[in-house]
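A.B. asks: Right, I'll just put the structure down here and ask away after.
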Amino acid sequence: MNELRLMVNGETRTATPGTTVAGLLDAMGVDPARVAVERNQDVVPRRTWSEAHLADGDKIEVVAFIGGGSAGAPAGDDPLVIGGRTFQSRLLVGTGKYRTLEEGREAIRRSGAEIVTVALRRVDLTPGKPNVLDTIDRSRQTILPNTAGCYTAEDAIRTCRLARELGLADLVKLEVIGDQRTLFPDGAATLEAARVLVKDGFTVLPYCMDDPILARKLEDVGCAAVMPLAAPIGSGLGIRNPYNLRIILEQAKVPVLVDAGVGTASDAAVAMELGCAGVLMNTAIAGARDPLLMAEAMRDAVIAGRKAFRAGRIPRKLYATASSPVEGLIE
């Protein structure tokens, strides 16, 4: 055989017999430090790339992170703890939808977020193209790979394993979408994937409906947090069902993080006032008229909402109660 016919990221390519994974990446001009490789739906460990010889008909996926989905809350006695990791900021942000990488970098900085989500996608094989990782300060921010765009448990599991191969920690945001129009998560598939990933050693943060029963099941299989939606992804509708969130909060023994649907700072404050441990958002900041100012607003709203929750609001009453003393009135 004079050449190998390969399918690389959905495109037909040829290579000489004996070509290894490392050789293929080099021939394509791909920076090996920024990618993970899958062959025939199996992750190829990085340490084996120079010995992993390709065969005719192999299907190769070369993937990297894309945008997806500090001065945070003052350090003190109220940190956010997820899977044994401690964070001061309770605002989690995505990296997608910004007009430029520079705008995304500055918005993330101003938000004070210490957890930043990224999605895994096929690599654009154009050499030298900027990467979303360039917007993240790895010394101050934890990368949270997510499985955005996955519609089956199997795809979500594969994506998480590829993310780990890219050299990140085992903290992952699990999304398994059940409907293309609403982007509502598939509860059964999410639970199935979570069960496998927890056994595989991942610290799993699952995106789910605001369903108290499902949230409890996800916690029972070992998820480190639950992430019920406020409203559909990118809708900006705010919290549509605070009552279900309250039930989830009452029964949960792991952090509850509102994910998706936040539109403005007051939505984030409401989530925190309910007792949520944190809020994850992307579109609400990136899609604002002034993303940098909105990033600051969201940072402040999360801090204020958490303080209000800890302080304890006054009871709601139907009738007025005077705030000034009635004794000593002039008659």
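Each chain of the structure tokens is named A, B, ... in the order shown, its residues numbered from 1; ligands are numbered from 1 in display order.
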Name all residues at most 10 Å from Glu296 (chain A) (count only C-alpha atoms; drop same-chain ones fewer than 5 positions away) and give them as a PyMOL selection string.
C.D. replies: chain A and resi 72+107-112+265+285+291+301
A.B. asks: Skip Leu166 (chain A) itself and residues of its chain fewer than 5 positions away, then list as a ChimeraX atom specification all residues within 12 Å of it, counting only C-alpha atoms.
C.D. replies: /A:32-38,43-47,62-65,120,133,143,145,159-161
A.B. asks: Just the selected residues (N, CA, C and O atoms), exported as a short mmCIF file (atom, residue, chain, number, x, y, z; two decimals), in the first residue's frame, please.
C.D. replies:
```
data_model
loop_
_atom_site.label_atom_id
_atom_site.label_comp_id
_atom_site.auth_asym_id
_atom_site.auth_seq_id
_atom_site.Cartn_x
_atom_site.Cartn_y
_atom_site.Cartn_z
N PRO A 32 0.90 20.29 19.23
CA PRO A 32 0.47 19.13 20.02
C PRO A 32 0.15 19.46 21.47
O PRO A 32 -0.58 18.72 22.14
N ALA A 33 0.66 20.58 21.97
CA ALA A 33 0.43 20.93 23.37
C ALA A 33 -1.01 21.38 23.61
O ALA A 33 -1.46 21.41 24.76
N ARG A 34 -1.75 21.71 22.54
CA ARG A 34 -3.08 22.30 22.73
C ARG A 34 -4.21 21.39 22.28
O ARG A 34 -5.36 21.82 22.22
N VAL A 35 -3.91 20.15 21.94
CA VAL A 35 -4.96 19.30 21.39
C VAL A 35 -4.98 17.94 22.08
O VAL A 35 -4.04 17.55 22.77
N ALA A 36 -6.09 17.25 21.89
CA ALA A 36 -6.22 15.85 22.25
C ALA A 36 -6.63 15.09 20.99
O ALA A 36 -7.21 15.67 20.06
N VAL A 37 -6.35 13.80 20.97
CA VAL A 37 -6.60 13.01 19.77
C VAL A 37 -7.40 11.77 20.11
O VAL A 37 -7.14 11.09 21.11
N GLU A 38 -8.36 11.49 19.24
CA GLU A 38 -9.18 10.29 19.37
C GLU A 38 -9.06 9.51 18.06
O GLU A 38 -9.10 10.10 16.98
N VAL A 43 -9.76 7.45 22.94
CA VAL A 43 -8.74 8.46 23.20
C VAL A 43 -7.36 7.84 23.06
O VAL A 43 -7.09 6.74 23.56
N VAL A 44 -6.47 8.55 22.36
CA VAL A 44 -5.09 8.10 22.22
C VAL A 44 -4.26 8.83 23.27
O VAL A 44 -4.10 10.06 23.20
N PRO A 45 -3.75 8.14 24.28
CA PRO A 45 -2.96 8.82 25.33
C PRO A 45 -1.78 9.57 24.73
O PRO A 45 -1.08 9.07 23.85
N ARG A 46 -1.56 10.76 25.22
CA ARG A 46 -0.51 11.63 24.69
C ARG A 46 0.86 10.95 24.71
O ARG A 46 1.66 11.10 23.79
N ARG A 47 1.12 10.18 25.75
CA ARG A 47 2.44 9.56 25.89
C ARG A 47 2.72 8.52 24.81
O ARG A 47 3.87 8.10 24.61
N VAL A 62 -9.23 15.45 16.08
CA VAL A 62 -8.27 16.31 16.77
C VAL A 62 -9.06 17.47 17.35
O VAL A 62 -9.69 18.24 16.62
N VAL A 63 -9.06 17.59 18.68
CA VAL A 63 -9.96 18.55 19.32
C VAL A 63 -9.18 19.49 20.22
O VAL A 63 -8.07 19.19 20.69
N ALA A 64 -9.80 20.65 20.47
CA ALA A 64 -9.24 21.64 21.40
C ALA A 64 -10.41 22.38 22.01
O ALA A 64 -11.58 22.16 21.65
N PHE A 65 -10.12 23.28 22.92
CA PHE A 65 -11.17 24.04 23.58
C PHE A 65 -11.55 25.26 22.77
O PHE A 65 -10.70 25.90 22.13
N LEU A 120 -15.38 21.76 24.09
CA LEU A 120 -14.42 20.99 23.30
C LEU A 120 -14.96 20.83 21.89
O LEU A 120 -16.10 20.41 21.69
N LEU A 133 -8.10 29.52 24.99
CA LEU A 133 -7.29 29.40 26.20
C LEU A 133 -6.43 30.64 26.41
O LEU A 133 -5.98 30.90 27.53
N ILE A 143 -10.10 26.07 34.71
CA ILE A 143 -10.85 25.77 33.50
C ILE A 143 -11.84 24.65 33.78
O ILE A 143 -11.48 23.60 34.33
N PRO A 145 -14.06 22.36 31.66
CA PRO A 145 -14.52 21.88 30.35
C PRO A 145 -15.97 21.41 30.43
O PRO A 145 -16.38 20.82 31.43
N THR A 159 -16.29 13.11 25.38
CA THR A 159 -15.80 14.48 25.45
C THR A 159 -15.03 14.72 26.74
O THR A 159 -13.97 15.36 26.74
N CYS A 160 -15.56 14.23 27.85
CA CYS A 160 -14.87 14.42 29.13
C CYS A 160 -13.53 13.70 29.14
O CYS A 160 -12.53 14.23 29.67
N ARG A 161 -13.48 12.53 28.57
CA ARG A 161 -12.22 11.79 28.53
C ARG A 161 -11.18 12.50 27.65
O ARG A 161 -9.99 12.52 27.97
#
```
A.B. asks: Ile60 (chain A): which residues within 10 Å, counting only C-alpha atoms, same-chain residues fewer than 5 positions away excluded, as a list in words?
C.D. replies: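 Using only C-alpha atoms, the neighbours found are Leu6, Met7, Val8, Asn9, Gly10, Glu11, Val21, Val37, Glu38, Arg39, Asn40, Gln41, Asp42, Val43, Val44 and Leu54 of chain A.
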A.B. asks: Using backbone DSSP assignments, extract all strand (DSSP E or B) residues from region 50-292 of chain A; output them as number ranges by chain.
C.D. replies: A: 53, 59-67, 80-82, 85-87, 91-94, 115-122, 142-146, 171-174, 177, 185, 203-208, 226-228, 256-259, 278-281
A.B. asks: If you take only C-alpha atoms and a cut-off of 9 Å, which residues of region 111-213 of chain A touch region 233-241 of chain A, and what are their nearest atom pairs and distances in Å to one decimal, in chain and number order, as a tab-separated table?
C.D. replies:
```
residue	atom	partner	partner_atom	distance
A:Thr182	CA	A:Ile233	CA	7.7
A:Leu183	CA	A:Ile233	CA	6.7
A:Phe184	CA	A:Ile233	CA	7.9
A:Asp210	CA	A:Asn241	CA	7.7
```
A.B. asks: Those same residues, written as a CSV table (one decimal), in the first residue's frame with N, CA and C atoms?
C.D. replies:
```
chain,number,residue,atom,x,y,z
A,182,THR,N,-35.1,23.9,22.4
A,182,THR,CA,-35.1,24.5,23.7
A,182,THR,C,-33.8,24.4,24.4
A,183,LEU,N,-33.0,23.4,24.0
A,183,LEU,CA,-31.7,23.1,24.6
A,183,LEU,C,-31.9,22.6,26.0
A,184,PHE,N,-33.1,22.1,26.3
A,184,PHE,CA,-33.3,21.5,27.6
A,184,PHE,C,-32.5,20.2,27.8
A,210,ASP,N,-34.9,22.0,36.5
A,210,ASP,CA,-35.1,22.4,37.9
A,210,ASP,C,-36.1,21.3,38.5
```
A.B. asks: As a PyMOL selection string, please: the residues near Ala189 (chain A) (cut-off 10 Å, only C-alpha atoms, same-chain neighbours under 4 positions excluded).
C.D. replies: chain A and resi 151-154+156+175-178+185+193-195
A.B. asks: Ranking A:Arg306, A:Ala224, A:Ala288, A:Arg246 by minimum distance to Val262 (chain A) and counting only C-alpha atoms, which one comes first?
C.D. replies: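 Closest residue, counting only C-alpha atoms: A:Ala288.
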A.B. asks: To one decimal place in Å, what is the distance between CA of Met227 (chain A) and CA of Leu214 (chain A)?
C.D. replies: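 It comes out at 10.9 Å.
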A.B. asks: Distance CA of Asp186 (chain A)-CA of Thr147 (chain A), one decimal place?
C.D. replies: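 About the pair CA of Asp186 (chain A) and CA of Thr147 (chain A): they are 12.8 Å apart.
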A.B. asks: Enumerate, as JSON, numbers by chain, the complete set of residues in region 87-282 of chain A that a backbone-based DSSP assignment places in alpha helix (DSSP H).
C.D. replies: {"A": [101, 102, 103, 104, 105, 106, 107, 108, 109, 110, 111, 153, 154, 155, 156, 157, 158, 159, 160, 161, 162, 163, 164, 165, 187, 188, 189, 190, 191, 192, 193, 194, 195, 196, 197, 198, 199, 212, 213, 214, 215, 216, 217, 218, 219, 220, 242, 243, 244, 245, 246, 247, 248, 249, 250, 251, 265, 266, 267, 268, 269, 270, 271, 272, 273, 274]}
A.B. asks: Within 8 Å of Val172 (chain A), counting only C-alpha atoms, which residues qualify if same-chain residues fewer than 4 places away don't, as number ranges by chain?
C.D. replies: A: 144-146, 160, 202-205
A.B. asks: How about saving the chosen residues, C-alpha atoms kept, as an mmCIF file, in the first residue's frame?
C.D. replies:
```
data_model
loop_
_atom_site.group_PDB
_atom_site.id
_atom_site.type_symbol
_atom_site.label_atom_id
_atom_site.label_comp_id
_atom_site.auth_asym_id
_atom_site.auth_seq_id
_atom_site.Cartn_x
_atom_site.Cartn_y
_atom_site.Cartn_z
ATOM 1 C CA LEU A 144 -14.156 23.900 33.573
ATOM 2 C CA PRO A 145 -14.518 21.879 30.352
ATOM 3 C CA ASN A 146 -18.122 21.266 29.390
ATOM 4 C CA CYS A 160 -14.874 14.419 29.128
ATOM 5 C CA PHE A 202 -14.336 12.821 37.386
ATOM 6 C CA THR A 203 -15.705 15.588 39.598
ATOM 7 C CA VAL A 204 -19.047 16.056 37.858
ATOM 8 C CA LEU A 205 -21.176 19.210 37.793
#
```
A.B. asks: Which residue gives the smallest distance to Ala225 (chain A) among A:Pro242, A:Gly278, A:Gly263, A:Gly94, with only C-alpha atoms counted?
C.D. replies: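 Smallest distance to Ala225 (chain A) is found for A:Gly278.
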A.B. asks: What separation in Å, quoted to one decimal, exists between CA of Ile248 (chain A) and CA of Tyr207 (chain A)?
C.D. replies: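 Separation of CA of Ile248 (chain A) and CA of Tyr207 (chain A): 13.5 Å.
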A.B. asks: Neighbours of Ala215 (chain A) within 8 Å (only C-alpha atoms; same-chain residues fewer than 2 positions away dropped), as a PyMOL selection string?
C.D. replies: chain A and resi 208+210-213+217-219+226+228+248+252
A.B. asks: Would you kindly return, as a PyMOL selection string, each protein, DNA or RNA residue with an atom no farther than 12 Å from any atom of Arg313 (chain A), considering only C-alpha atoms and excluding same-chain residues fewer than 6 positions away?
C.D. replies: chain A and resi 273-275+305-307
A.B. asks: Could you dump the residues just selected with all heavy atoms as a PDB file, in the first residue's frame?
C.D. replies:
```
ATOM      1  N   GLU A 273     -29.858  35.084  46.722  1.00  0.00           N
ATOM      2  CA  GLU A 273     -30.708  35.322  47.892  1.00  0.00           C
ATOM      3  C   GLU A 273     -31.527  34.085  48.255  1.00  0.00           C
ATOM      4  O   GLU A 273     -31.879  33.874  49.419  1.00  0.00           O
ATOM      5  CB  GLU A 273     -31.624  36.516  47.638  1.00  0.00           C
ATOM      6  CG  GLU A 273     -30.890  37.852  47.639  1.00  0.00           C
ATOM      7  CD  GLU A 273     -31.760  38.992  47.148  1.00  0.00           C
ATOM      8  OE1 GLU A 273     -32.951  38.761  46.853  1.00  0.00           O
ATOM      9  OE2 GLU A 273     -31.246  40.125  47.053  1.00  0.00           O
ATOM     10  N   LEU A 274     -31.834  33.263  47.261  1.00  0.00           N
ATOM     11  CA  LEU A 274     -32.544  32.013  47.539  1.00  0.00           C
ATOM     12  C   LEU A 274     -31.666  31.019  48.292  1.00  0.00           C
ATOM     13  O   LEU A 274     -32.176  30.083  48.900  1.00  0.00           O
ATOM     14  CB  LEU A 274     -33.013  31.375  46.225  1.00  0.00           C
ATOM     15  CG  LEU A 274     -34.202  32.013  45.524  1.00  0.00           C
ATOM     16  CD1 LEU A 274     -34.399  31.388  44.134  1.00  0.00           C
ATOM     17  CD2 LEU A 274     -35.469  31.848  46.351  1.00  0.00           C
ATOM     18  N   GLY A 275     -30.356  31.196  48.208  1.00  0.00           N
ATOM     19  CA  GLY A 275     -29.444  30.286  48.884  1.00  0.00           C
ATOM     20  C   GLY A 275     -28.581  29.477  47.949  1.00  0.00           C
ATOM     21  O   GLY A 275     -27.862  28.573  48.410  1.00  0.00           O
ATOM     22  N   GLY A 305     -26.021  39.434  46.658  1.00  0.00           N
ATOM     23  CA  GLY A 305     -27.041  38.417  46.905  1.00  0.00           C
ATOM     24  C   GLY A 305     -26.614  37.422  47.965  1.00  0.00           C
ATOM     25  O   GLY A 305     -27.421  36.992  48.800  1.00  0.00           O
ATOM     26  N   ARG A 306     -25.347  37.032  47.937  1.00  0.00           N
ATOM     27  CA  ARG A 306     -24.847  36.102  48.962  1.00  0.00           C
ATOM     28  C   ARG A 306     -24.872  36.750  50.336  1.00  0.00           C
ATOM     29  O   ARG A 306     -25.250  36.118  51.333  1.00  0.00           O
ATOM     30  CB  ARG A 306     -23.420  35.668  48.602  1.00  0.00           C
ATOM     31  CG  ARG A 306     -22.794  34.706  49.599  1.00  0.00           C
ATOM     32  CD  ARG A 306     -23.544  33.390  49.650  1.00  0.00           C
ATOM     33  NE  ARG A 306     -22.932  32.478  50.609  1.00  0.00           N
ATOM     34  CZ  ARG A 306     -23.389  31.251  50.862  1.00  0.00           C
ATOM     35  NH1 ARG A 306     -24.460  30.789  50.224  1.00  0.00           N
ATOM     36  NH2 ARG A 306     -22.782  30.478  51.746  1.00  0.00           N
ATOM     37  N   LYS A 307     -24.468  38.017  50.422  1.00  0.00           N
ATOM     38  CA  LYS A 307     -24.503  38.719  51.710  1.00  0.00           C
ATOM     39  C   LYS A 307     -25.933  38.830  52.230  1.00  0.00           C
ATOM     40  O   LYS A 307     -26.188  38.654  53.436  1.00  0.00           O
ATOM     41  CB  LYS A 307     -23.885  40.114  51.569  1.00  0.00           C
ATOM     42  CG  LYS A 307     -22.372  40.112  51.435  1.00  0.00           C
ATOM     43  CD  LYS A 307     -21.839  41.532  51.353  1.00  0.00           C
ATOM     44  CE  LYS A 307     -20.321  41.554  51.298  1.00  0.00           C
ATOM     45  NZ  LYS A 307     -19.784  42.947  51.206  1.00  0.00           N
TER      46      LYS A 307
END
```
